[in-house]
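Engineer: For reference, the structure I am asking about is given below.
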Amino acid sequence: MPSLPLLLLLLLWSSGAHGFPAGTSETQERDVQMVQKYLENYYNLKSDGKQVEKQRNRNPVVEKLKQMQKFFGLKVTGKPDAETLQVMKKPRCGVPDVAQFVLTQGNPRWERTNLTYRIENYTPDMARADVDHAIEKAFQLWSNASPLTFTRVFEGQADIMISFVRGDHRDNSPFDGPGGMLAHAFQPGPGLGGDAHFDEDEMWTNNFRNYNLYRVAAHELGHSLGLSHSTDIGALMYPSYIFSGDVQLSQDDIDGIQAIYGPSQNPTQPTGPQTPQVCDSKLTFDAITTIRGEVMFLKDRFYMRTNSFYPEVELNFISVFWPQLPNGLQAAYEVADRDEVRFFKGNKYWAVRGQNVLHGYPKDIYRSFGFPRNVKNIDAAVSAEDTGKTYFFVANKCWRYDEYKRSMDAGYPKMIAEEFPGIGNKVDAVFQKNGFFYFFRGTRQYKVDPGTKRILTLLKANSWFNCRKN
Ligand SMILES: *[C@@H]1O[C@H](CO)[C@@H](O)[C@H](O)[C@H]1NC(C)=O
Ligand SMILES: [Zn+2]
Ligand SMILES: [Zn+2]
């Protein structure tokens with residue numbers, strides 16, 4: 001039997017029912033081992049047990065847990081709480097999140113920009129042409145944003161050797177069967193340097209099913225070129241597997257590769273999507289809605305919401321919640337009576353209940369709500385719970401729709417300035433909470449009493465997040 005990580009075991013047990021909502025001792029022990037292994041694999045926790053030195057209140061497992069929680073933006077508790085375990089159970093890259101004691105300062109790099117690669121073998125999961133295509137596209141992402149070029153070779157030693165292997169494949173970094181570790185790659189250098197290995201115990205695909213080879217290859221090749229893991233969840237170099245449909249370098253990835261190799265030779269420098277900074281005072285929103293008592297803020301590809309596991313706010317891809325919804329939603333509102341949330345983009349909308357998009361959507365806004373054809377998109381929407389009246393904001397006008405009669409109220413559209421004086425002539429987002437409307441325009445937020453239409457308070461747009469200063 002392997003030596004039991006006693007300290008960790010005690011730690012887990014003392015966290016009691018709180019850390020393990022439905023914990024039997026068997027699942028607890030499995031979690032203990034999972035946490036230990038995770039910290040050994042990705043946070044350089046030593047497995048020989050010799051680290052259990054009695055420094056005042058300094059337990060290596062607690063320290064590593066804190067480091068991991070910090071990396072993933074979780075509340076830093078030093079305890080393996082439910083959310084920490086959940087993050088640890090996500091499939092991910094096998095490369096550690098903290099640099100092991102590296103010899104070189106800064107990022108290791110290739111000294112040439114004309115690199116070669118070779119696909120040594122194929123996975124039986126996919127057609128060979130699809131593997132070739134996935135790898136080629138993954139290289140293109142990086143060559144588009146840098147001076148690097150990649151030439152495929154079919155024999156001999158290439159700079160970057162690509163292979164599908166399983167279990168212990170003699171590089172001191174064994175794979176672990178299905179799930180968990182999906183792939184890994186070595187930093188630039190001779191021999192194994194730059195090589196990328198994909199776990200053959202995974203199912204590889206060229207679609208949304210787990211695991212999309214293009215997505216994983218795009219990440220691994222970042223390591224092959226000298227990048228390490230990013231804490232930016234929108235970056236390809238984030239360690240967990242997230243497939244949001246489109247694979248592209250984020251601005252964070254572009255900044256990373258260009259910091260090593262300099263700008264692209266293209267006349268126009270490529271740019272990538274940026275991840276919202278939740279505590280940035282310039283943060284604005286596309287749409288906001290309540291959903292089953294929570295408030296969900298939408299921006300580009302991301303949703304944000306507050307909850308007790310994240311010190312400021314939880315931020316993740318909209319597609320993680322609703323794979324069928326597009327990015328860049330423009331308006332959203334909840335009809336609490338029907339337990340339904342409606343999301344708008346262009347002249348289409350989707351209705352969801354919980355995490356399910358309802359059947360038959362998207363529908364168009366003309367037939368469903370009676371908008372005239374010159375309305376091309378909705379800026380913001382909110383439904384007053386007690387009256388069943390839904391306000392839609394379109395440029396400088398607003399419409400009122402009756403959820404019971406299922407028709408637009410007479411007398412609309414009206415000017416926003418007339419219906420809600422003082423909030424300006426355009427609305428980015430609006431939601432209702434505790435009987436109040438909260439209107440968002442740029443970085444401003446107005447709390448309005450829907451009965452009297454009076455502005456009660458002026459706030460910063462991100463006042464709902466637990467940012468230290470707003
Ligand atoms: C890369 O370019 C250099 C300089 O032009 C050349 O000497 C070298 O052979 C090239 N290497 C490859 C792998 O193409
Ligand atoms: Zn990685
Ligand atoms: Zn390997």
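By convention in this document, the chains of the structure tokens carry letters A, B, ... by their order, each chain's residues are numbered from 1, and ligands are numbered from 1 in the order they are shown.
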When you look at A:Ala183 with a cut-off of 7 Å (counting only C-alpha atoms), what residues show up, excluding the ones that are within fewer than 5 positions of it in the same chain? I need them as a list in words.
Structural biologist: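 So, after excluding close chain neighbours, the residues are Cys93, Gly94, His197, Phe198 and Asp199 of chain A.
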Engineer: Can I get the residues close to ligand 3 as a list of chain:residue names, where close means within 9 Å and we count only C-alpha atoms and all ligand atoms?
Structural biologist: A:Gly94, A:Ser163, A:Phe164, A:Val165, A:Arg166, A:Gly167, A:Asp168, A:His169, A:Arg170, A:Asp171, A:Asn172, A:Ser173, A:Pro174, A:Phe175, A:Ala183, A:His184, A:Ala185, A:Phe186, A:Leu192, A:Asp195, A:Ala196, A:His197, A:Phe198, A:Asp199
Engineer: Please produce a file of the residues just selected, as a compact mmCIF listing (two decimals), in the first residue's frame, where the atoms kept are N, CA, C and O atoms.
Structural biologist:
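Printed below is again09.txt as written:
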```
# COMPACT_ATOMS: atom_id res chain seq x y z
N GLY A 94 -1.45 18.05 -18.96
CA GLY A 94 -0.57 17.41 -17.99
C GLY A 94 0.63 18.24 -17.55
O GLY A 94 1.37 17.84 -16.67
N SER A 163 2.88 12.75 -31.19
CA SER A 163 2.49 11.35 -31.15
C SER A 163 1.33 11.10 -30.21
O SER A 163 1.04 11.91 -29.31
N PHE A 164 0.66 9.99 -30.45
CA PHE A 164 -0.42 9.51 -29.59
C PHE A 164 0.13 8.33 -28.81
O PHE A 164 0.57 7.34 -29.41
N VAL A 165 0.13 8.45 -27.51
CA VAL A 165 0.73 7.42 -26.65
C VAL A 165 -0.17 7.23 -25.44
O VAL A 165 -1.05 8.06 -25.17
N ARG A 166 -0.01 6.14 -24.73
CA ARG A 166 -0.84 5.94 -23.54
C ARG A 166 0.01 5.49 -22.35
O ARG A 166 1.13 5.01 -22.51
N GLY A 167 -0.56 5.66 -21.17
CA GLY A 167 0.08 5.19 -19.94
C GLY A 167 1.51 5.69 -19.80
O GLY A 167 1.83 6.83 -20.17
N ASP A 168 2.36 4.83 -19.27
CA ASP A 168 3.77 5.19 -19.14
C ASP A 168 4.42 5.08 -20.50
O ASP A 168 4.50 4.01 -21.08
N HIS A 169 4.86 6.20 -21.02
CA HIS A 169 5.47 6.16 -22.35
C HIS A 169 6.92 6.66 -22.28
O HIS A 169 7.42 7.30 -23.19
N ARG A 170 7.54 6.37 -21.16
CA ARG A 170 8.97 6.55 -20.95
C ARG A 170 9.47 7.99 -21.12
O ARG A 170 10.48 8.25 -21.76
N ASP A 171 8.72 8.93 -20.58
CA ASP A 171 9.28 10.28 -20.49
C ASP A 171 9.10 10.83 -19.08
O ASP A 171 9.11 12.04 -18.88
N ASN A 172 8.90 9.91 -18.11
CA ASN A 172 8.73 10.32 -16.71
C ASN A 172 7.45 11.07 -16.44
O ASN A 172 7.28 11.64 -15.37
N SER A 173 6.55 11.13 -17.40
CA SER A 173 5.27 11.79 -17.20
C SER A 173 4.16 10.89 -17.74
O SER A 173 3.62 11.16 -18.80
N PRO A 174 3.87 9.81 -17.01
CA PRO A 174 2.89 8.85 -17.53
C PRO A 174 1.50 9.45 -17.66
O PRO A 174 1.12 10.32 -16.87
N PHE A 175 0.77 9.00 -18.67
CA PHE A 175 -0.64 9.36 -18.76
C PHE A 175 -1.45 8.46 -17.85
O PHE A 175 -0.94 7.48 -17.31
N ALA A 183 -3.09 15.46 -22.36
CA ALA A 183 -1.93 15.61 -23.26
C ALA A 183 -0.88 16.40 -22.51
O ALA A 183 -1.17 17.01 -21.48
N HIS A 184 0.34 16.40 -23.04
CA HIS A 184 1.35 17.31 -22.51
C HIS A 184 2.37 17.60 -23.60
O HIS A 184 2.40 16.92 -24.63
N ALA A 185 3.17 18.62 -23.37
CA ALA A 185 4.19 18.97 -24.36
C ALA A 185 5.38 19.55 -23.63
O ALA A 185 5.25 20.06 -22.51
N PHE A 186 6.53 19.44 -24.25
CA PHE A 186 7.77 19.88 -23.63
C PHE A 186 8.20 21.23 -24.17
O PHE A 186 7.97 21.53 -25.34
N LEU A 192 13.54 15.54 -26.64
CA LEU A 192 12.11 15.63 -26.31
C LEU A 192 11.59 17.06 -26.38
O LEU A 192 10.37 17.27 -26.48
N ASP A 195 8.31 18.47 -28.10
CA ASP A 195 7.43 17.37 -28.51
C ASP A 195 6.09 17.44 -27.79
O ASP A 195 6.00 17.87 -26.64
N ALA A 196 5.05 16.99 -28.49
CA ALA A 196 3.69 17.00 -27.93
C ALA A 196 3.14 15.58 -27.95
O ALA A 196 3.18 14.91 -28.98
N HIS A 197 2.64 15.14 -26.79
CA HIS A 197 2.07 13.80 -26.65
C HIS A 197 0.59 13.90 -26.32
O HIS A 197 0.21 14.66 -25.44
N PHE A 198 -0.21 13.10 -27.02
CA PHE A 198 -1.64 13.06 -26.77
C PHE A 198 -2.01 11.69 -26.22
O PHE A 198 -1.56 10.67 -26.73
N ASP A 199 -2.81 11.71 -25.15
CA ASP A 199 -3.16 10.46 -24.46
C ASP A 199 -4.10 9.63 -25.34
O ASP A 199 -5.25 10.02 -25.56
```
Engineer: Compile the contact shell of A:Thr284 as an mmCIF file with N, CA and C atoms, in the first residue's frame: residues with an atom at most 9 Å away, counting only C-alpha atoms, same-chain residues fewer than 3 positions apart removed.
Structural biologist:
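The resulting part10.cif:
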```
data_model
loop_
_atom_site.group_PDB
_atom_site.id
_atom_site.type_symbol
_atom_site.label_atom_id
_atom_site.label_comp_id
_atom_site.auth_asym_id
_atom_site.auth_seq_id
_atom_site.Cartn_x
_atom_site.Cartn_y
_atom_site.Cartn_z
ATOM 1 N N PRO A 276 -13.083 39.758 -19.881
ATOM 2 C CA PRO A 276 -13.463 40.881 -19.015
ATOM 3 C C PRO A 276 -12.728 40.829 -17.673
ATOM 4 N N SER A 281 -12.833 49.216 -13.422
ATOM 5 C CA SER A 281 -13.910 50.210 -13.295
ATOM 6 C C SER A 281 -14.479 50.584 -14.665
ATOM 7 N N LYS A 299 -21.163 39.192 -21.130
ATOM 8 C CA LYS A 299 -20.244 40.068 -21.858
ATOM 9 C C LYS A 299 -19.464 39.213 -22.854
ATOM 10 N N ASP A 428 -27.766 49.593 -22.115
ATOM 11 C CA ASP A 428 -26.983 48.407 -22.489
ATOM 12 C C ASP A 428 -27.620 47.140 -21.936
ATOM 13 N N PHE A 440 -28.246 49.799 -16.939
ATOM 14 C CA PHE A 440 -26.808 49.929 -17.193
ATOM 15 C C PHE A 440 -26.574 50.646 -18.505
ATOM 16 N N ARG A 441 -25.717 51.636 -18.443
ATOM 17 C CA ARG A 441 -25.295 52.328 -19.647
ATOM 18 C C ARG A 441 -23.820 52.636 -19.475
ATOM 19 N N GLY A 442 -22.951 52.010 -20.299
ATOM 20 C CA GLY A 442 -21.517 52.176 -20.107
ATOM 21 C C GLY A 442 -21.141 51.712 -18.714
ATOM 22 N N THR A 443 -20.354 52.523 -18.028
ATOM 23 C CA THR A 443 -19.900 52.129 -16.700
ATOM 24 C C THR A 443 -20.847 52.609 -15.599
ATOM 25 N N ARG A 444 -22.013 53.153 -16.025
ATOM 26 C CA ARG A 444 -22.967 53.659 -15.037
ATOM 27 C C ARG A 444 -24.123 52.714 -14.820
ATOM 28 N N ALA A 461 -21.100 50.294 -12.722
ATOM 29 C CA ALA A 461 -21.708 49.124 -13.361
ATOM 30 C C ALA A 461 -21.356 47.826 -12.640
ATOM 31 N N ASN A 462 -20.108 47.720 -12.143
ATOM 32 C CA ASN A 462 -19.738 46.449 -11.511
ATOM 33 C C ASN A 462 -19.898 46.449 -9.991
#
```
Engineer: Between A:Gly435, A:Gln28, A:Phe243, A:Pro311, which has the minimum distance to A:Cys279 (counting only C-alpha atoms)?
Structural biologist: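 Under the stated criterion, the closest residue is A:Pro311.
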Engineer: Would you name the residues within 6 Å of ligand 1, counting only C-alpha atoms and all ligand atoms, and put them as a tab-separated table (two decimals) with N, CA, C and O atoms, in the first residue's frame?
Structural biologist:
```
chain	number	residue	atom	x	y	z
A	114	ASN	N	12.10	29.17	-38.17
A	114	ASN	CA	11.61	28.20	-39.15
A	114	ASN	C	11.66	26.80	-38.53
A	114	ASN	O	12.69	26.14	-38.54
A	115	LEU	N	10.57	26.36	-37.99
A	115	LEU	CA	10.54	25.10	-37.25
A	115	LEU	C	9.89	24.00	-38.09
A	115	LEU	O	9.13	24.27	-39.02
A	116	THR	N	10.23	22.77	-37.73
A	116	THR	CA	9.63	21.62	-38.42
A	116	THR	C	8.80	20.80	-37.44
A	116	THR	O	9.05	20.83	-36.23
```
Engineer: Select from stretch 208-343 of chain A everything DSSP, run on the backbone, classes as alpha helix (DSSP H), then give the selection as an NGL selection string.
Structural biologist: :A and (213-224 or 251-261 or 318-321)
Engineer: Just write the chosen residues, N, CA, C and O atoms, as a tab-separated table (two decimals), in the first residue's frame.
Structural biologist:
```
chain	number	residue	atom	x	y	z
A	213	LEU	N	-9.46	17.51	-30.84
A	213	LEU	CA	-8.00	17.46	-31.01
A	213	LEU	C	-7.42	18.83	-31.37
A	213	LEU	O	-6.37	19.22	-30.85
A	214	TYR	N	-8.09	19.56	-32.22
A	214	TYR	CA	-7.62	20.89	-32.61
A	214	TYR	C	-7.47	21.77	-31.37
A	214	TYR	O	-6.45	22.45	-31.19
A	215	ARG	N	-8.46	21.75	-30.51
A	215	ARG	CA	-8.44	22.57	-29.29
A	215	ARG	C	-7.26	22.19	-28.40
A	215	ARG	O	-6.54	23.05	-27.89
A	216	VAL	N	-7.07	20.89	-28.19
A	216	VAL	CA	-6.00	20.45	-27.29
A	216	VAL	C	-4.64	20.70	-27.94
A	216	VAL	O	-3.69	21.14	-27.27
A	217	ALA	N	-4.54	20.45	-29.26
A	217	ALA	CA	-3.26	20.67	-29.95
A	217	ALA	C	-2.88	22.15	-29.90
A	217	ALA	O	-1.72	22.50	-29.69
A	218	ALA	N	-3.87	23.03	-30.08
A	218	ALA	CA	-3.58	24.47	-30.05
A	218	ALA	C	-2.95	24.84	-28.71
A	218	ALA	O	-2.00	25.63	-28.65
A	219	HIS	N	-3.43	24.25	-27.63
A	219	HIS	CA	-2.87	24.49	-26.30
A	219	HIS	C	-1.46	23.90	-26.18
A	219	HIS	O	-0.52	24.58	-25.78
A	220	GLU	N	-1.33	22.62	-26.53
A	220	GLU	CA	-0.04	21.94	-26.34
A	220	GLU	C	1.06	22.60	-27.15
A	220	GLU	O	2.20	22.72	-26.68
A	221	LEU	N	0.75	23.02	-28.37
A	221	LEU	CA	1.79	23.65	-29.19
A	221	LEU	C	2.26	24.96	-28.57
A	221	LEU	O	3.40	25.37	-28.75
A	222	GLY	N	1.40	25.60	-27.81
A	222	GLY	CA	1.83	26.78	-27.05
A	222	GLY	C	2.99	26.41	-26.12
A	222	GLY	O	3.98	27.14	-26.04
A	223	HIS	N	2.88	25.25	-25.45
A	223	HIS	CA	4.00	24.79	-24.61
A	223	HIS	C	5.22	24.48	-25.48
A	223	HIS	O	6.35	24.79	-25.11
A	224	SER	N	4.98	23.84	-26.63
A	224	SER	CA	6.10	23.47	-27.53
A	224	SER	C	6.90	24.71	-27.93
A	224	SER	O	8.07	24.61	-28.27
A	251	GLN	N	-6.17	37.53	-26.64
A	251	GLN	CA	-5.13	38.55	-26.57
A	251	GLN	C	-4.02	38.12	-25.63
A	251	GLN	O	-2.84	38.39	-25.88
A	252	ASP	N	-4.38	37.41	-24.57
A	252	ASP	CA	-3.39	36.92	-23.61
A	252	ASP	C	-2.41	35.95	-24.28
A	252	ASP	O	-1.20	36.00	-24.05
A	253	ASP	N	-2.92	35.06	-25.13
A	253	ASP	CA	-2.05	34.12	-25.86
A	253	ASP	C	-1.14	34.88	-26.83
A	253	ASP	O	0.04	34.57	-26.97
A	254	ILE	N	-1.73	35.86	-27.52
A	254	ILE	CA	-0.95	36.64	-28.49
A	254	ILE	C	0.15	37.41	-27.78
A	254	ILE	O	1.31	37.40	-28.20
A	255	ASP	N	-0.19	38.04	-26.67
A	255	ASP	CA	0.83	38.76	-25.89
A	255	ASP	C	1.93	37.80	-25.46
A	255	ASP	O	3.11	38.15	-25.47
A	256	GLY	N	1.55	36.58	-25.08
A	256	GLY	CA	2.53	35.58	-24.63
A	256	GLY	C	3.50	35.19	-25.72
A	256	GLY	O	4.72	35.24	-25.54
A	257	ILE	N	2.97	34.83	-26.89
A	257	ILE	CA	3.85	34.36	-27.96
A	257	ILE	C	4.72	35.50	-28.49
A	257	ILE	O	5.89	35.32	-28.81
A	258	GLN	N	4.14	36.71	-28.52
A	258	GLN	CA	4.91	37.85	-29.03
A	258	GLN	C	5.97	38.32	-28.04
A	258	GLN	O	6.98	38.90	-28.44
A	259	ALA	N	5.74	38.07	-26.75
A	259	ALA	CA	6.76	38.41	-25.75
A	259	ALA	C	8.00	37.55	-25.99
A	259	ALA	O	9.12	37.96	-25.68
A	260	ILE	N	7.83	36.36	-26.51
A	260	ILE	CA	8.97	35.48	-26.75
A	260	ILE	C	9.60	35.72	-28.13
A	260	ILE	O	10.81	35.83	-28.25
A	261	TYR	N	8.76	35.81	-29.17
A	261	TYR	CA	9.29	35.82	-30.54
A	261	TYR	C	9.11	37.14	-31.28
A	261	TYR	O	9.49	37.25	-32.44
A	318	ILE	N	-20.07	31.35	-21.61
A	318	ILE	CA	-21.51	31.13	-21.73
A	318	ILE	C	-21.76	29.71	-22.22
A	318	ILE	O	-22.69	29.03	-21.78
A	319	SER	N	-20.89	29.24	-23.11
A	319	SER	CA	-21.09	27.92	-23.70
A	319	SER	C	-20.92	26.79	-22.69
A	319	SER	O	-21.39	25.68	-22.92
A	320	VAL	N	-20.27	27.06	-21.58
A	320	VAL	CA	-20.15	26.04	-20.55
A	320	VAL	C	-21.53	25.81	-19.91
A	320	VAL	O	-21.91	24.70	-19.57
A	321	PHE	N	-22.30	26.89	-19.80
A	321	PHE	CA	-23.65	26.80	-19.23
A	321	PHE	C	-24.67	26.36	-20.27
A	321	PHE	O	-25.49	25.50	-20.03
```
Engineer: From a DSSP pass on the backbone, collect the residues of stretch 23-253 of chain A flagged as strand (DSSP E) and hand them back as a PyMOL selection string.
Structural biologist: chain A and resi 114-119+149-152+160-165+183-185+196-199
Engineer: Atom CA of A:Phe302 and atom CA of A:Val352, how far apart in Å?
Structural biologist: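 Straight-line distance from atom CA of A:Val352 to atom CA of A:Phe302 works out to 16.8 Å.
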Engineer: Select, from A:Phe431, A:Tyr241, A:Phe72, A:Tyr122, the residue with the minimum atom-to-atom distance to ligand 2, counting only C-alpha atoms and all ligand atoms.
Structural biologist: A:Tyr241
Engineer: Give me the residues within 9 Å of stretch 414-420 of chain A as a PyMOL selection string, counting only C-alpha atoms and dropping any in the same chain fewer than 5 places off.
Structural biologist: chain A and resi 393+395-400+425-427+448+450+453-455
Engineer: Only all heavy atoms, please: the residues just picked out, written as a tab-separated table (two decimals), in the first residue's frame.
Structural biologist:
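As a result, again_19.tsv now contains:
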```
chain	number	residue	atom	x	y	z
A	393	PHE	N	-35.79	47.59	-24.84
A	393	PHE	CA	-35.11	48.83	-25.19
A	393	PHE	C	-34.41	48.65	-26.52
A	393	PHE	O	-33.62	47.73	-26.70
A	393	PHE	CB	-34.13	49.21	-24.08
A	393	PHE	CG	-34.84	49.46	-22.78
A	393	PHE	CD1	-35.12	48.39	-21.92
A	393	PHE	CD2	-35.29	50.72	-22.45
A	393	PHE	CE1	-35.82	48.60	-20.74
A	393	PHE	CE2	-36.00	50.93	-21.27
A	393	PHE	CZ	-36.27	49.87	-20.41
A	395	ALA	N	-32.47	51.11	-29.26
A	395	ALA	CA	-31.91	52.45	-29.49
A	395	ALA	C	-32.50	53.42	-28.46
A	395	ALA	O	-32.48	53.12	-27.27
A	395	ALA	CB	-32.12	52.90	-30.92
A	396	ASN	N	-33.10	54.53	-28.91
A	396	ASN	CA	-33.59	55.51	-27.93
A	396	ASN	C	-35.07	55.31	-27.57
A	396	ASN	O	-35.68	56.16	-26.94
A	396	ASN	CB	-33.34	56.93	-28.43
A	396	ASN	CG	-34.04	57.19	-29.77
A	396	ASN	OD1	-34.71	56.30	-30.31
A	396	ASN	ND2	-33.88	58.39	-30.29
A	397	LYS	N	-35.64	54.17	-27.98
A	397	LYS	CA	-37.05	53.92	-27.71
A	397	LYS	C	-37.25	52.70	-26.81
A	397	LYS	O	-36.36	51.84	-26.71
A	397	LYS	CB	-37.79	53.66	-29.02
A	397	LYS	CG	-37.77	54.83	-29.99
A	397	LYS	CD	-38.81	54.61	-31.08
A	397	LYS	CE	-38.84	55.78	-32.05
A	397	LYS	NZ	-37.62	55.85	-32.88
A	398	CYS	N	-38.42	52.62	-26.19
A	398	CYS	CA	-38.74	51.40	-25.48
A	398	CYS	C	-40.16	50.94	-25.83
A	398	CYS	O	-41.04	51.75	-26.16
A	398	CYS	CB	-38.55	51.57	-23.97
A	398	CYS	SG	-39.75	52.60	-23.18
A	399	TRP	N	-40.33	49.65	-25.79
A	399	TRP	CA	-41.60	49.00	-26.07
A	399	TRP	C	-42.05	48.30	-24.81
A	399	TRP	O	-41.23	47.88	-23.99
A	399	TRP	CB	-41.43	47.93	-27.16
A	399	TRP	CG	-40.80	48.42	-28.42
A	399	TRP	CD1	-39.50	48.78	-28.60
A	399	TRP	CD2	-41.45	48.61	-29.67
A	399	TRP	NE1	-39.29	49.17	-29.90
A	399	TRP	CE2	-40.47	49.08	-30.58
A	399	TRP	CE3	-42.76	48.42	-30.13
A	399	TRP	CZ2	-40.76	49.37	-31.91
A	399	TRP	CZ3	-43.05	48.69	-31.44
A	399	TRP	CH2	-42.06	49.17	-32.33
A	400	ARG	N	-43.37	48.15	-24.67
A	400	ARG	CA	-43.86	47.39	-23.51
A	400	ARG	C	-44.73	46.25	-24.00
A	400	ARG	O	-45.68	46.45	-24.76
A	400	ARG	CB	-44.62	48.30	-22.55
A	400	ARG	CG	-44.63	47.72	-21.14
A	400	ARG	CD	-45.25	48.67	-20.16
A	400	ARG	NE	-46.70	48.72	-20.36
A	400	ARG	CZ	-47.51	49.60	-19.76
A	400	ARG	NH1	-46.99	50.51	-18.95
A	400	ARG	NH2	-48.79	49.57	-19.97
A	425	ASN	N	-30.52	58.09	-23.16
A	425	ASN	CA	-31.35	57.70	-24.30
A	425	ASN	C	-30.93	56.37	-24.91
A	425	ASN	O	-31.26	56.06	-26.05
A	425	ASN	CB	-31.35	58.80	-25.36
A	425	ASN	CG	-29.93	59.21	-25.71
A	425	ASN	OD1	-28.98	58.50	-25.37
A	425	ASN	ND2	-29.79	60.33	-26.37
A	426	LYS	N	-30.21	55.57	-24.12
A	426	LYS	CA	-29.86	54.22	-24.59
A	426	LYS	C	-29.55	53.37	-23.38
A	426	LYS	O	-29.04	53.86	-22.37
A	426	LYS	CB	-28.64	54.29	-25.52
A	426	LYS	CG	-28.48	53.05	-26.38
A	426	LYS	CD	-27.35	53.21	-27.39
A	426	LYS	CE	-27.23	51.99	-28.29
A	426	LYS	NZ	-27.22	50.70	-27.59
A	427	VAL	N	-29.88	52.07	-23.47
A	427	VAL	CA	-29.66	51.16	-22.34
A	427	VAL	C	-28.85	49.97	-22.85
A	427	VAL	O	-29.17	49.40	-23.88
A	427	VAL	CB	-31.02	50.68	-21.78
A	427	VAL	CG1	-30.80	49.66	-20.67
A	427	VAL	CG2	-31.84	51.85	-21.26
A	448	VAL	N	-33.70	52.19	-10.22
A	448	VAL	CA	-34.94	52.92	-10.50
A	448	VAL	C	-36.14	52.21	-9.86
A	448	VAL	O	-36.23	50.99	-9.89
A	448	VAL	CB	-35.14	53.03	-12.03
A	448	VAL	CG1	-36.52	53.58	-12.37
A	448	VAL	CG2	-34.05	53.89	-12.66
A	450	PRO	N	-39.64	51.14	-10.40
A	450	PRO	CA	-40.46	51.01	-11.60
A	450	PRO	C	-41.85	51.63	-11.45
A	450	PRO	O	-42.48	51.98	-12.45
A	450	PRO	CB	-40.57	49.51	-11.84
A	450	PRO	CG	-40.01	48.83	-10.65
A	450	PRO	CD	-39.34	49.84	-9.77
A	453	LYS	N	-40.89	55.54	-11.38
A	453	LYS	CA	-39.91	55.82	-12.44
A	453	LYS	C	-38.81	56.77	-11.97
A	453	LYS	O	-38.14	57.40	-12.76
A	453	LYS	CB	-40.61	56.43	-13.69
A	453	LYS	CG	-41.80	55.63	-14.19
A	453	LYS	CD	-41.38	54.54	-15.12
A	453	LYS	CE	-42.49	53.57	-15.48
A	453	LYS	NZ	-43.44	54.10	-16.45
A	454	ARG	N	-38.65	56.86	-10.67
A	454	ARG	CA	-37.61	57.76	-10.15
A	454	ARG	C	-36.29	57.04	-9.98
A	454	ARG	O	-36.25	55.87	-9.59
A	454	ARG	CB	-38.04	58.34	-8.79
A	454	ARG	CG	-38.95	59.55	-8.93
A	454	ARG	CD	-39.19	60.19	-7.59
A	454	ARG	NE	-37.98	60.39	-6.81
A	454	ARG	CZ	-37.96	60.46	-5.48
A	454	ARG	NH1	-39.07	60.37	-4.79
A	454	ARG	NH2	-36.82	60.64	-4.85
A	455	ILE	N	-35.20	57.76	-10.27
A	455	ILE	CA	-33.87	57.21	-10.03
A	455	ILE	C	-33.57	57.32	-8.54
A	455	ILE	O	-33.68	58.40	-7.96
A	455	ILE	CB	-32.80	57.99	-10.83
A	455	ILE	CG1	-33.05	57.81	-12.33
A	455	ILE	CG2	-31.40	57.49	-10.47
A	455	ILE	CD1	-32.11	58.63	-13.20
```
Engineer: So that I can check the surroundings of A:Asn327, please list as an MDAnalysis selection string every protein, DNA and RNA residue that reaches within 12 Å of it, counting only C-alpha atoms and ignoring chain neighbours fewer than 4 positions away.
Structural biologist: chainID A and resid 244:246 273 286:287 298:303 317:323 331 343:346
Engineer: For ligand 2, which residue among A:Thr123, A:Ser240, A:Gln33, A:Asn356 is the nearest when counting only C-alpha atoms and all ligand atoms?
Structural biologist: A:Ser240
